[in-house]
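Structure data follow from run-v1.csv (CSV, C-alpha atoms and all ligand atoms):
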chain,number,residue,atom,x,y,z
A,1,MET,CA,-12.1,59.6,-150.1
A,2,ASN,CA,-15.9,59.9,-149.9
A,3,ILE,CA,-17.3,57.1,-147.8
A,4,LEU,CA,-21.0,56.5,-147.8
A,5,VAL,CA,-22.1,55.6,-144.2
A,6,THR,CA,-25.5,54.0,-144.3
A,7,GLY,CA,-27.0,54.0,-140.8
A,8,GLY,CA,-24.5,56.7,-140.0
A,9,MET,CA,-26.7,58.3,-137.4
A,10,GLY,CA,-27.0,55.1,-135.3
A,11,PHE,CA,-24.9,54.0,-132.4
A,12,ILE,CA,-22.0,52.3,-134.2
A,13,GLY,CA,-22.4,54.4,-137.4
A,14,SER,CA,-22.1,57.8,-135.6
A,15,HIS,CA,-18.9,56.7,-133.8
A,16,THR,CA,-17.5,55.5,-137.1
A,17,VAL,CA,-18.2,58.8,-138.8
A,18,VAL,CA,-16.0,60.5,-136.1
A,19,GLU,CA,-13.2,58.0,-136.7
A,20,LEU,CA,-13.4,58.3,-140.5
A,21,HIS,CA,-13.1,62.1,-140.2
A,22,ASN,CA,-10.2,61.7,-137.8
A,23,SER,CA,-8.4,59.6,-140.4
A,24,GLY,CA,-9.0,62.0,-143.3
A,25,TYR,CA,-12.0,60.4,-144.9
A,26,THR,CA,-15.1,62.3,-145.9
A,27,PRO,CA,-18.2,60.5,-144.5
A,28,ILE,CA,-21.5,61.0,-146.3
A,29,ILE,CA,-24.3,59.9,-144.0
A,30,VAL,CA,-27.5,58.1,-145.2
A,31,ASP,CA,-30.1,57.2,-142.6
A,32,ASN,CA,-33.8,56.9,-142.4
A,33,LEU,CA,-33.8,57.9,-138.7
A,34,SER,CA,-35.9,54.8,-137.9
A,35,ASN,CA,-33.8,54.1,-134.9
A,36,SER,CA,-31.9,57.4,-134.4
A,37,ASP,CA,-32.3,61.1,-134.1
A,38,LYS,CA,-31.3,64.1,-136.0
A,39,THR,CA,-29.6,65.6,-132.9
A,40,VAL,CA,-26.8,63.2,-133.5
A,41,LEU,CA,-25.6,65.6,-136.2
A,42,ASN,CA,-25.0,68.3,-133.5
A,43,GLY,CA,-22.9,65.9,-131.4
A,44,LEU,CA,-20.9,65.0,-134.5
A,45,GLU,CA,-20.3,68.6,-135.3
A,46,LYS,CA,-19.2,69.4,-131.7
A,47,ILE,CA,-16.8,66.5,-131.7
A,48,THR,CA,-15.2,67.1,-135.1
A,49,GLY,CA,-15.9,70.8,-135.9
A,50,GLN,CA,-17.4,69.5,-139.1
A,51,LEU,CA,-21.0,69.5,-140.5
A,52,PHE,CA,-21.4,66.3,-142.4
A,53,LYS,CA,-23.5,65.7,-145.5
A,54,PHE,CA,-26.6,63.9,-144.3
A,55,TYR,CA,-29.4,62.4,-146.5
A,56,GLU,CA,-32.6,61.3,-144.7
A,57,VAL,CA,-33.0,58.3,-147.0
A,58,ASP,CA,-34.1,54.7,-146.7
A,59,CYS,CA,-31.6,52.4,-148.1
A,60,ASN,CA,-34.3,50.4,-149.7
A,61,ASP,CA,-35.4,53.4,-151.7
A,62,ASN,CA,-33.5,52.8,-154.9
A,63,ARG,CA,-34.4,56.1,-156.5
A,64,ALA,CA,-33.4,58.2,-153.5
A,65,MET,CA,-30.2,56.2,-153.0
A,66,GLU,CA,-29.3,56.6,-156.7
A,67,SER,CA,-29.6,60.4,-156.3
A,68,VAL,CA,-27.0,60.2,-153.5
A,69,PHE,CA,-24.6,58.4,-155.8
A,70,LYS,CA,-25.3,60.9,-158.6
A,71,GLU,CA,-24.6,63.9,-156.4
A,72,ASN,CA,-21.4,62.5,-154.8
A,73,PRO,CA,-18.5,60.5,-156.2
A,74,ILE,CA,-18.5,57.6,-153.7
A,75,ASP,CA,-15.2,55.7,-153.1
A,76,GLY,CA,-16.6,53.2,-150.7
A,77,ALA,CA,-19.5,52.4,-148.4
A,78,ILE,CA,-19.9,51.1,-144.8
A,79,HIS,CA,-23.3,49.5,-144.5
A,80,PHE,CA,-24.6,49.7,-141.0
A,81,ALA,CA,-28.3,50.4,-141.9
A,82,ALA,CA,-30.3,47.4,-140.6
A,83,SER,CA,-32.8,46.4,-138.0
A,84,LYS,CA,-31.3,44.5,-135.1
A,85,ALA,CA,-33.9,43.5,-132.6
A,86,VAL,CA,-33.9,39.7,-132.4
A,87,GLY,CA,-37.4,39.4,-130.9
A,88,GLU,CA,-38.9,41.8,-133.4
A,89,SER,CA,-37.4,39.8,-136.2
A,90,VAL,CA,-39.2,36.7,-135.1
A,91,GLU,CA,-42.5,38.6,-135.2
A,92,LYS,CA,-41.8,40.4,-138.5
A,93,PRO,CA,-39.5,38.2,-140.5
A,94,LEU,CA,-40.5,39.6,-143.9
A,95,PHE,CA,-39.8,43.1,-142.8
A,96,TYR,CA,-36.3,42.0,-141.6
A,97,TYR,CA,-35.5,40.2,-144.9
A,98,GLN,CA,-36.7,43.2,-146.9
A,99,ASN,CA,-35.0,45.8,-144.7
A,100,ASN,CA,-31.7,44.0,-144.1
A,101,VAL,CA,-31.2,41.9,-147.3
A,102,GLY,CA,-33.1,44.3,-149.6
A,103,SER,CA,-31.0,47.3,-148.6
A,104,LEU,CA,-27.8,45.5,-149.2
A,105,LEU,CA,-28.9,44.6,-152.8
A,106,VAL,CA,-29.9,48.2,-153.5
A,107,LEU,CA,-26.5,49.4,-152.2
A,108,MET,CA,-24.4,46.9,-154.0
A,109,GLU,CA,-26.1,47.4,-157.3
A,110,LEU,CA,-25.5,51.1,-157.1
A,111,MET,CA,-21.9,50.6,-156.0
A,112,GLU,CA,-21.3,48.5,-159.1
A,113,LYS,CA,-23.1,51.0,-161.3
A,114,TYR,CA,-21.3,54.0,-160.0
A,115,HIS,CA,-17.9,52.4,-159.5
A,116,ALA,CA,-17.6,52.6,-155.8
A,117,PRO,CA,-15.3,49.7,-155.2
A,118,ARG,CA,-15.0,49.2,-151.4
A,119,LEU,CA,-17.6,47.8,-149.0
A,120,ILE,CA,-17.4,47.2,-145.3
A,121,PHE,CA,-20.4,45.2,-144.0
A,122,SER,CA,-21.7,45.1,-140.4
A,123,SER,CA,-22.0,41.4,-139.5
A,124,SER,CA,-22.3,39.8,-136.1
A,125,CYS,CA,-20.9,37.1,-133.9
A,126,THR,CA,-24.5,35.8,-134.0
A,127,VAL,CA,-23.5,33.8,-137.1
A,128,TYR,CA,-21.6,31.4,-134.7
A,129,GLY,CA,-24.7,30.6,-132.7
A,130,GLU,CA,-23.7,28.5,-129.6
A,131,PRO,CA,-20.1,27.7,-130.5
A,132,ASP,CA,-18.6,24.3,-130.0
A,133,PHE,CA,-15.1,25.7,-129.2
A,134,LEU,CA,-14.0,29.0,-127.7
A,135,PRO,CA,-12.7,31.5,-128.6
A,136,VAL,CA,-14.4,31.5,-132.1
A,137,THR,CA,-12.2,32.1,-135.0
A,138,GLU,CA,-13.4,33.3,-138.5
A,139,LEU,CA,-13.1,29.6,-139.5
A,140,SER,CA,-15.4,28.4,-136.8
A,141,GLU,CA,-18.6,26.7,-138.0
A,142,LYS,CA,-21.6,29.0,-138.8
A,143,LYS,CA,-24.6,27.6,-137.0
A,144,PRO,CA,-28.2,27.7,-138.3
A,145,ALA,CA,-29.5,31.1,-137.3
A,146,GLU,CA,-31.7,31.3,-134.2
A,147,SER,CA,-33.7,34.2,-135.6
A,148,PRO,CA,-34.6,35.9,-138.9
A,149,TYR,CA,-32.3,38.7,-137.7
A,150,GLY,CA,-29.4,36.3,-137.4
A,151,ASN,CA,-30.3,34.7,-140.7
A,152,THR,CA,-30.1,38.1,-142.5
A,153,LYS,CA,-26.5,38.5,-141.3
A,154,GLN,CA,-25.6,35.1,-142.7
A,155,ILE,CA,-27.5,35.7,-146.0
A,156,CYS,CA,-25.8,39.1,-146.4
A,157,GLU,CA,-22.4,37.7,-145.9
A,158,GLU,CA,-23.1,35.0,-148.6
A,159,ILE,CA,-24.5,37.6,-151.0
A,160,ILE,CA,-21.4,39.7,-150.6
A,161,GLU,CA,-19.1,36.7,-151.0
A,162,ASP,CA,-20.9,35.6,-154.2
A,163,ALA,CA,-21.0,39.1,-155.6
A,164,THR,CA,-17.4,39.9,-155.0
A,165,ARG,CA,-16.4,36.5,-156.5
A,166,ALA,CA,-18.4,37.1,-159.7
A,167,SER,CA,-17.3,40.7,-160.3
A,168,LYS,CA,-14.2,42.5,-159.4
A,169,ARG,CA,-16.0,45.8,-159.3
A,170,ILE,CA,-16.6,45.6,-155.5
A,171,ARG,CA,-14.2,44.3,-152.9
A,172,ALA,CA,-15.5,43.8,-149.4
A,173,ILE,CA,-14.9,43.0,-145.8
A,174,ALA,CA,-17.5,41.7,-143.4
A,175,LEU,CA,-16.8,42.6,-139.7
A,176,ARG,CA,-18.3,40.2,-137.2
A,177,TYR,CA,-19.0,42.4,-134.2
A,178,PHE,CA,-19.2,41.0,-130.7
A,179,ASN,CA,-21.1,43.1,-128.2
A,180,PRO,CA,-20.6,46.9,-128.7
A,181,ILE,CA,-21.1,49.0,-125.6
A,182,GLY,CA,-19.9,52.4,-124.3
A,183,ALA,CA,-20.1,55.8,-125.8
A,184,HIS,CA,-17.8,58.5,-127.1
A,185,PRO,CA,-15.6,59.8,-124.2
A,186,SER,CA,-16.9,63.3,-124.9
A,187,SER,CA,-20.4,62.2,-124.0
A,188,LEU,CA,-21.7,64.0,-127.1
A,189,ILE,CA,-22.8,60.8,-128.9
A,190,GLY,CA,-23.8,57.4,-127.6
A,191,GLU,CA,-26.6,54.8,-127.8
A,192,LEU,CA,-30.1,56.1,-128.1
A,193,PRO,CA,-32.4,53.0,-127.7
A,194,LEU,CA,-36.0,53.6,-128.5
A,195,GLY,CA,-38.3,52.3,-125.7
A,196,VAL,CA,-37.2,49.7,-123.2
A,197,PRO,CA,-33.7,48.6,-124.1
A,198,SER,CA,-33.3,44.9,-124.7
A,199,ASN,CA,-29.5,45.1,-124.6
A,200,LEU,CA,-27.7,44.8,-121.3
A,201,VAL,CA,-25.7,48.0,-120.9
A,202,PRO,CA,-28.3,50.5,-121.9
A,203,PHE,CA,-30.7,48.8,-119.6
A,204,ILE,CA,-28.1,49.0,-116.8
A,205,THR,CA,-27.5,52.7,-117.3
A,206,GLN,CA,-31.3,53.5,-117.5
A,207,SER,CA,-32.0,51.5,-114.4
A,208,ALA,CA,-29.2,53.1,-112.5
A,209,ILE,CA,-30.5,56.5,-113.3
A,210,GLY,CA,-34.0,55.6,-112.3
A,211,LEU,CA,-35.7,55.5,-115.7
A,212,ARG,CA,-36.3,51.7,-115.3
A,213,GLY,CA,-36.9,49.2,-112.5
A,214,PRO,CA,-34.3,46.7,-111.4
A,215,LEU,CA,-32.2,44.9,-114.1
A,216,ALA,CA,-33.5,41.4,-114.7
A,217,ILE,CA,-30.5,39.1,-115.2
A,218,HIS,CA,-31.6,36.5,-117.8
A,219,GLY,CA,-30.6,33.3,-116.1
A,220,SER,CA,-28.0,32.3,-113.5
A,221,ASP,CA,-27.9,28.6,-114.1
A,222,TYR,CA,-25.6,28.5,-117.2
A,223,ASN,CA,-22.5,26.4,-117.3
A,224,THR,CA,-20.2,29.4,-116.5
A,225,PRO,CA,-18.2,30.3,-113.3
A,226,ASP,CA,-21.0,32.5,-111.9
A,227,GLY,CA,-23.9,31.0,-113.8
A,228,THR,CA,-24.6,34.0,-116.0
A,229,CYS,CA,-23.9,34.3,-119.8
A,230,ILE,CA,-20.6,35.3,-121.1
A,231,ARG,CA,-20.0,37.8,-123.9
A,232,ASP,CA,-17.2,39.8,-125.5
A,233,TYR,CA,-18.0,43.4,-124.8
A,234,ILE,CA,-16.1,45.9,-127.0
A,235,HIS,CA,-16.0,49.7,-126.6
A,236,VAL,CA,-17.8,51.3,-129.6
A,237,VAL,CA,-14.8,53.6,-130.3
A,238,ASP,CA,-12.5,50.6,-130.7
A,239,LEU,CA,-15.1,49.0,-132.9
A,240,ALA,CA,-15.4,52.2,-135.0
A,241,LYS,CA,-11.7,52.3,-135.6
A,242,ALA,CA,-11.9,48.7,-137.0
A,243,HIS,CA,-13.9,50.1,-139.9
A,244,VAL,CA,-11.1,52.6,-140.7
A,245,ALA,CA,-8.5,49.9,-140.5
A,246,SER,CA,-10.6,47.7,-142.8
A,247,LEU,CA,-10.9,50.5,-145.5
A,248,GLN,CA,-7.2,51.0,-145.3
A,249,TYR,CA,-6.7,47.2,-145.7
A,250,LEU,CA,-8.9,47.1,-148.8
A,251,SER,CA,-7.0,50.0,-150.3
A,252,GLY,CA,-3.6,48.5,-149.6
A,253,ASN,CA,-4.4,44.9,-150.6
A,254,ALA,CA,-5.7,44.8,-154.1
A,255,GLN,CA,-5.7,41.0,-154.1
A,256,CYS,CA,-8.3,40.9,-151.3
A,257,ASP,CA,-11.7,40.5,-152.9
A,258,PHE,CA,-13.6,39.4,-149.8
A,259,ASP,CA,-12.6,38.7,-146.2
A,260,ILE,CA,-14.1,38.3,-142.8
A,261,PHE,CA,-12.8,39.5,-139.4
A,262,ASN,CA,-13.9,39.1,-135.8
A,263,ILE,CA,-14.0,42.4,-134.1
A,264,GLY,CA,-14.0,42.0,-130.3
A,265,THR,CA,-11.6,42.1,-127.4
A,266,GLY,CA,-10.9,38.4,-127.3
A,267,GLN,CA,-12.1,38.3,-123.7
A,268,GLY,CA,-15.3,37.1,-122.2
A,269,ASN,CA,-17.2,38.7,-119.2
A,270,SER,CA,-20.3,37.4,-117.5
A,271,VAL,CA,-23.4,39.5,-116.9
A,272,LEU,CA,-22.6,39.7,-113.2
A,273,GLU,CA,-19.1,40.8,-113.9
A,274,VAL,CA,-20.5,43.6,-116.1
A,275,VAL,CA,-22.9,44.6,-113.3
A,276,GLU,CA,-20.2,44.6,-110.6
A,277,THR,CA,-17.7,46.5,-112.8
A,278,PHE,CA,-20.4,49.1,-113.6
A,279,LYS,CA,-21.1,49.7,-109.9
A,280,LYS,CA,-17.4,49.9,-109.1
A,281,VAL,CA,-16.1,52.3,-111.8
A,282,ASN,CA,-19.1,54.6,-111.5
A,283,GLU,CA,-19.5,54.3,-107.7
A,284,CYS,CA,-23.2,53.9,-108.0
A,285,SER,CA,-25.7,51.3,-107.0
A,286,LEU,CA,-27.8,49.1,-109.2
A,287,ASN,CA,-30.7,46.9,-108.2
A,288,TYR,CA,-31.1,43.6,-110.0
A,289,ALA,CA,-32.9,40.4,-109.7
A,290,ILE,CA,-32.2,37.0,-111.2
A,291,GLY,CA,-34.9,36.1,-113.7
A,292,PRO,CA,-35.4,33.2,-116.1
A,293,ARG,CA,-33.3,32.5,-119.1
A,294,ARG,CA,-34.1,34.6,-122.3
A,295,PRO,CA,-35.0,32.4,-125.2
A,296,GLY,CA,-32.4,32.3,-127.9
A,297,ASP,CA,-29.5,33.5,-125.7
A,298,VAL,CA,-26.2,31.6,-126.2
A,299,GLU,CA,-24.3,30.6,-123.1
A,300,LYS,CA,-20.9,32.0,-123.9
A,301,VAL,CA,-19.2,33.5,-126.9
A,302,PHE,CA,-16.1,35.5,-127.3
A,303,GLY,CA,-13.8,35.9,-130.3
A,304,ASP,CA,-10.3,35.1,-131.3
A,305,VAL,CA,-9.1,38.4,-132.8
A,306,ALA,CA,-5.6,37.3,-133.9
A,307,LYS,CA,-6.5,37.7,-137.6
A,308,SER,CA,-7.7,41.3,-137.2
A,309,ARG,CA,-4.6,42.1,-135.3
A,310,ARG,CA,-2.3,40.5,-137.8
A,311,LEU,CA,-3.9,41.7,-141.1
A,312,LEU,CA,-5.7,44.9,-140.1
A,313,GLY,CA,-3.1,46.0,-137.6
A,314,TRP,CA,-6.1,46.7,-135.3
A,315,GLN,CA,-6.7,45.8,-131.7
A,316,THR,CA,-8.8,47.2,-128.9
A,317,GLU,CA,-7.3,49.9,-126.7
A,318,LEU,CA,-10.1,50.4,-124.2
A,319,SER,CA,-11.2,48.3,-121.3
A,320,LEU,CA,-14.5,47.1,-119.9
A,321,GLU,CA,-14.1,49.8,-117.2
A,322,ASP,CA,-13.6,52.5,-119.9
A,323,SER,CA,-16.7,51.3,-121.7
A,324,LEU,CA,-18.9,51.3,-118.6
A,325,ARG,CA,-17.7,54.7,-117.5
A,326,ASP,CA,-18.3,56.2,-120.9
A,327,ALA,CA,-21.8,54.6,-121.1
A,328,TRP,CA,-22.7,56.0,-117.7
A,329,ASN,CA,-21.4,59.5,-118.5
A,330,TRP,CA,-23.4,59.4,-121.7
A,331,GLN,CA,-26.5,58.5,-119.7
A,332,LEU,CA,-25.8,61.3,-117.3
A,333,SER,CA,-25.4,63.8,-120.1
A,334,LEU,CA,-28.8,62.7,-121.6
A,335,SER,CA,-30.5,63.2,-118.3
A,336,ARG,CA,-29.0,66.7,-118.0
A,337,LYS,CA,-30.5,67.5,-121.5
A,338,SER,CA,-34.0,66.3,-120.7
B,1,LIG,C1,-28.0,40.6,-129.0
B,1,LIG,C2,-28.4,39.7,-130.1
B,1,LIG,C3,-27.3,39.7,-131.1
B,1,LIG,C4,-27.3,41.1,-131.7
B,1,LIG,C5,-27.0,42.1,-130.6
B,1,LIG,C6,-27.3,43.5,-131.2
B,1,LIG,C7,-29.6,37.9,-129.0
B,1,LIG,C8,-29.6,36.4,-128.7
B,1,LIG,N1,-28.5,38.3,-129.6
B,1,LIG,O1,-26.8,40.2,-128.4
B,1,LIG,O2,-27.6,38.8,-132.2
B,1,LIG,O3,-26.2,41.2,-132.6
B,1,LIG,O4,-27.9,41.9,-129.5
B,1,LIG,O5,-27.0,44.5,-130.3
B,1,LIG,O6,-30.6,38.6,-128.7
B,1,LIG,N2,-29.1,40.5,-120.4
B,1,LIG,C9,-29.7,40.5,-119.2
B,1,LIG,N3,-30.6,41.4,-118.9
B,1,LIG,C10,-31.1,42.3,-119.8
B,1,LIG,C11,-30.4,42.4,-121.0
B,1,LIG,C12,-29.5,41.4,-121.3
B,1,LIG,O7,-29.3,39.7,-118.3
B,1,LIG,O8,-32.0,43.1,-119.5
B,1,LIG,C13,-28.0,39.6,-120.7
B,1,LIG,C14,-28.4,38.7,-121.9
B,1,LIG,O9,-29.1,37.5,-121.5
B,1,LIG,C15,-27.0,38.3,-122.4
B,1,LIG,C16,-26.1,39.6,-122.1
B,1,LIG,O10,-26.9,40.3,-121.1
B,1,LIG,O11,-26.4,37.3,-121.7
B,1,LIG,C17,-26.0,40.5,-123.3
B,1,LIG,O12,-27.2,40.7,-123.9
B,1,LIG,P1,-27.5,41.8,-125.0
B,1,LIG,O13,-26.9,43.1,-124.7
B,1,LIG,O14,-28.9,41.8,-125.4
B,1,LIG,O15,-26.6,41.2,-126.2
B,1,LIG,P2,-26.7,39.8,-126.9
B,1,LIG,O16,-27.9,39.0,-126.5
B,1,LIG,O17,-25.3,39.1,-126.7

For the file at hand, write its structure as structure tokens.
Amino acid sequence: MNILVTGGMGFIGSHTVVELHNSGYTPIIVDNLSNSDKTVLNGLEKITGQLFKFYEVDCNDNRAMESVFKENPIDGAIHFAASKAVGESVEKPLFYYQNNVGSLLVLMELMEKYHAPRLIFSSSCTVYGEPDFLPVTELSEKKPAESPYGNTKQICEEIIEDATRASKRIRAIALRYFNPIGAHPSSLIGELPLGVPSNLVPFITQSAIGLRGPLAIHGSDYNTPDGTCIRDYIHVVDLAKAHVASLQYLSGNAQCDFDIFNIGTGQGNSVLEVVETFKKVNECSLNYAIGPRRPGDVEKVFGDVAKSRRLLGWQTELSLEDSLRDAWNWQLSLSRKS
């Protein structure tokens, strides 16, 4: 099966390309390289022994996207390509709606036209906002989005639901990711944030290696055991495997037109727990200082993943320790290259 992977050069996309290949699928990568680098292809080739088809194409470019569909029979698509910086989305809402919502429309129209019947969409636990009950299940209330970025995820889920209800030509799954971290255990692919990382783990690894100053912990006065925010951190390889399980589920369950799954570990860890675990597993020091809260942060969120386990037959296999060791080894390998 040929699977179009939009955003396949990015952090989650590249790890999913590996897992697709390992499971016998043929990934075809589309990426505009706006937040990734062509060298990812070398890492993918070293891991898999395979040179993947890659199109440097913007998913909003209808014409270029159509030529990808014309050149390749596409059996399904995994749509990662999107912008994901919350702060930037507040500053440039129109760009976010165009980029994230517009690209989904282009993709789904082409999937209908060229009879590519399966879609896996990258959604986010951001749709739950600050939850009333934990862990959140797929039936938990969606809260009004805190940012245009969060809103694009909600809107895209709704578009997919409406489109799959109206036409049987596409069947789809939206995966609500919790916090993906880590890197491939080979240290050949990982996260490549542009500029100062806003996410926790890349900041930790860059700070520990001396590229950044001390980590600022965004608030320690939350209503949590140690006062810092709680998230559900999932190893990116486990997350990548959830995409393969979802494709298999769509293929094996013809009655499924659209469904939503939480993809996390089911466990919450605080920022301070992440910091302490990082120091312990990697036997390295990390300077940090407690700073003010970050606007828009939720206090705690972690997922109930029983539905994914039951229906997709998927569950996480790697621990927080594994994630933080792989993230650090990836940072070390980057510094050896530079
Ligand atoms: C963020 C987005 C989320 C998006 C995800 C994409 C917000 C509110 N949420 O998730 O919608 O899907 O990124 O990757 O922005 N932290 C620090 N110091 C730092 C960085 C982070 O203390 O330098 C803390 C944060 O306050 C938070 C935790 O670490 O409590 C995780 O932060 P982060 O990695 O940015 O992820 P989210 O905010 O959960």

Interatomic distance, atom CA of Gln248 of chain A to atom O15 of ligand LIG 1 (chain B) (Å, one decimal): 28.9 Å

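If you count only C-alpha atoms and ignore residues fewer than 5 places along the chain from Val86 of chain A, what sits within 8 Å of it is Ser147, Pro148, Tyr149 and Gly150 of chain A.
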
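Distance-wise, atom CA of Asp326 of chain A and atom CA of Ile181 of chain A end up 9.0 Å apart.
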
Against segment 215-228 of chain A, which residues of segment 171-209 of chain A fall within 10 Å? For each one I want the closest pair of atoms and the distance in Å (one decimal), counting all atoms listed in the file, rows by chain and increasing residue number, as JSON lines.
{"residue": "A:Leu200", "atom": "CA", "partner": "A:Leu215", "partner_atom": "CA", "distance": 8.5}
{"residue": "A:Val201", "atom": "CA", "partner": "A:Leu215", "partner_atom": "CA", "distance": 9.9}
{"residue": "A:Phe203", "atom": "CA", "partner": "A:Leu215", "partner_atom": "CA", "distance": 6.9}
{"residue": "A:Ile204", "atom": "CA", "partner": "A:Leu215", "partner_atom": "CA", "distance": 6.4}
{"residue": "A:Thr205", "atom": "CA", "partner": "A:Leu215", "partner_atom": "CA", "distance": 9.7}
{"residue": "A:Gln206", "atom": "CA", "partner": "A:Leu215", "partner_atom": "CA", "distance": 9.3}
{"residue": "A:Ser207", "atom": "CA", "partner": "A:Leu215", "partner_atom": "CA", "distance": 6.6}
{"residue": "A:Ala208", "atom": "CA", "partner": "A:Leu215", "partner_atom": "CA", "distance": 8.9}

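Taking atom CA of Gly296 of chain A and atom CA of Glu130 of chain A as endpoints, the distance between them is 9.6 Å.
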
Proximity to Leu272 of chain A - best of A:Ile170, A:Ile230, A:Leu312, A:Val236, all atoms listed in the file: A:Ile230

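Here the question is which of A:Ile234, A:Val244, A:Leu20, A:Ile28 gets nearest to ligand LIG 1 (chain B) using only C-alpha atoms and all ligand atoms, and that residue is A:Ile234.
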
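Minimum distance to Glu157 of chain A across A:His79, A:Lys113, A:Arg293, A:Lys70 (counting only C-alpha atoms) occurs at A:His79.
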
Rank A:Leu51, A:Met65, A:Val301, A:Leu105 by their smallest atom-to-atom distance to ligand LIG 1 (chain B), using all atoms listed in the file, and report the top residue only. A:Val301

Can you write out as a Markdown table which residues of segment 155-199 of chain A fall within 12 Å of segment 262-265 of chain A, alongside each residue's closest atom pair and its distance in Å to one decimal, counting all atoms listed in the file and ordering rows by chain and ascending residue number?
| residue | atom | partner | partner_atom | distance |
| --- | --- | --- | --- | --- |
| A:Ile173 | CA | A:Asn262 | CA | 10.8 |
| A:Ala174 | CA | A:Asn262 | CA | 8.8 |
| A:Leu175 | CA | A:Asn262 | CA | 6.0 |
| A:Arg176 | CA | A:Asn262 | CA | 4.7 |
| A:Tyr177 | CA | A:Ile263 | CA | 5.0 |
| A:Phe178 | CA | A:Gly264 | CA | 5.3 |
| A:Asn179 | CA | A:Gly264 | CA | 7.5 |
| A:Pro180 | CA | A:Gly264 | CA | 8.4 |
| A:Ile181 | CA | A:Gly264 | CA | 11.0 |

Spatial neighbours of Phe52 of chain A, max dist 10 Å, only C-alpha atoms, sep filter under 3 positions, as a ChimeraX atom specification: /A:17,21,26-29,41-42,44-45,48-49,55

Between A:Ile160, A:Ala116, A:Ala172, A:Val5, smallest distance to Gln255 of chain A by all atoms listed in the file belongs to A:Ala172

Residue with the minimum atom-to-atom distance to ligand LIG 1 (chain B), picked from A:Cys256, A:Val106, A:Val274, A:Ala245 with all atoms listed in the file counted, is A:Val274

Tell me which protein, DNA and RNA residues are within 9 Å of Asp31 of chain A, counting all atoms listed in the file, leaving out same-chain ones fewer than 2 positions away, and put them as a ChimeraX atom specification. /A:5-10,29,33-34,36,54-59,81

If we count all atoms listed in the file, what is near Glu146 of chain A at a cut-off of 12 Å, once residues fewer than 6 positions away on the same chain are taken out, given as a list in words? Val86, Gly87, Ser89, Val90, Thr126, Val127, Tyr128, Gly129, Glu130, Thr152, Lys153, Gln154, Pro295, Gly296, Asp297 and Val298 of chain A

Around (-21.7, 29.3, -134.9) in the file's own coordinates, what residues are found within 10 Å if you use all atoms listed in the file, given back as a tab-separated table (two decimals) with C-alpha atoms, in the coordinates of the input?
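Result saved to part.tsv:
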chain	number	residue	atom	x	y	z
A	125	CYS	CA	-20.90	37.10	-133.90
A	126	THR	CA	-24.50	35.80	-134.00
A	127	VAL	CA	-23.50	33.80	-137.10
A	128	TYR	CA	-21.60	31.40	-134.70
A	129	GLY	CA	-24.70	30.60	-132.70
A	130	GLU	CA	-23.70	28.50	-129.60
A	131	PRO	CA	-20.10	27.70	-130.50
A	132	ASP	CA	-18.60	24.30	-130.00
A	133	PHE	CA	-15.10	25.70	-129.20
A	136	VAL	CA	-14.40	31.50	-132.10
A	137	THR	CA	-12.20	32.10	-135.00
A	138	GLU	CA	-13.40	33.30	-138.50
A	139	LEU	CA	-13.10	29.60	-139.50
A	140	SER	CA	-15.40	28.40	-136.80
A	141	GLU	CA	-18.60	26.70	-138.00
A	142	LYS	CA	-21.60	29.00	-138.80
A	143	LYS	CA	-24.60	27.60	-137.00
A	144	PRO	CA	-28.20	27.70	-138.30
A	145	ALA	CA	-29.50	31.10	-137.30
A	301	VAL	CA	-19.20	33.50	-126.90
